[in-house]
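Colleague: Here's a structure for you.
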Amino acid sequence: MKIELGKYVEKGVDWLSANASGFFDAITGGVDAVVTAMQYILLNSPFWVTIIVLALLSYYLPARGKLFTKAGWKAGGGMFIFTILGLLLLYFMGYWEETMLTIALILASALIALAIGIPLGIYASRNDTADKIIRPILDFMQTMPAFVYLIPAIILFSVGNVPGVVATIIFALPPAVRLTNLGIRNVPEDVVEASKAFGSTKKQLLFKVQLPLAMKTILAGVNQVIMLSLSMVVIASMVGAGGLGQAVYKGILQADIGLGFEAGLGIVVLAIILDRITQNLGFGKSKSQE
């Protein structure tokens, strides 16, 4: 006897498509509005402004705010130069528009994933039962091949940027939940007890003690969410998402080595820049400021 689990999943997706179309249309409209707004801002900003902003971010965070001092330049100067040269290379190769579309998709996916994942991680850290339920769901989300998410996404959200963003959110969400949960649970118990002894409410304990002390771990989750979103760029292009991933996918379909290499190089440049920026989010202050 064969258990045809896939048939029941298919029927469930078909039922959702037929009976909850209004809900999914609302999600489509909301996600599309976020992506479109980001694309509009990035595509209508002068390329040199975008390059300067990203270059300054890549310098400022590793340098811990020491603007153009010897110590600051030693810490962040390399990434400052790499960011300018890397983005100029993409511009003069003719991939600027695709790069901006890719950044818009990554930012939209990451922001939505973080808006869901961080509160969920906070809830899991304060409720052991919720934690036990959420953990296996996150395991399932992380281990399921990313391509599988595209199938229901197409059925429920048609083709274009939205199904790509939705699939990316599902794929990138777990680190935000896990690391927020871990960071809060790892706050020293004696600090928590001392806060309670001084009369802190649950809200004060969370926002003034636990979240600040867990911030480095939470920001590590932010970094992971952004990097996983970037890793979905090519896969999302299979359902119509634009950007560098679409160029890579086109290169694969046409067996065009040059096109695939150029677009792939663009993704590598973006990955390095975004990784270095987000790795240093929690270290924006100098030691003297801390």
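Labels used: A, B, ... for chains in the order of the structure tokens, numbers from 1 for residues in each chain, and numbers from 1 for ligands as shown.
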Could you give me, as an MDAnalysis selection string, the residues within 12 Å of range 113-121 of chain A, counting only C-alpha atoms and dropping anything in the same chain fewer than 6 positions from it?
Modeller: chainID A and resid 31 106:107 127:128 130:131 133:135 138 165:185 206 211 214:215 217:226 228:229
Colleague: Counting only C-alpha atoms, which residue out of A:Leu156, A:Ile52, A:Val233, A:Val209 sits closest to Asn19 in chain A?
Modeller: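 Result for the nearest residue to Asn19 in chain A: A:Leu156.
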Colleague: Between CA of Lys250 in chain A and CA of Leu101 in chain A, what is the distance in Å, rounded to a tenth?
Modeller: 15.9 Å
Colleague: For Leu105 in chain A, which residue among A:Asp32, A:Asp14, A:Asp139, A:Glu4 is the nearest when counting only C-alpha atoms?
Modeller: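 Of A:Asp32, A:Asp14, A:Asp139, A:Glu4, the one nearest Leu105 in chain A is A:Asp32, counting only C-alpha atoms.
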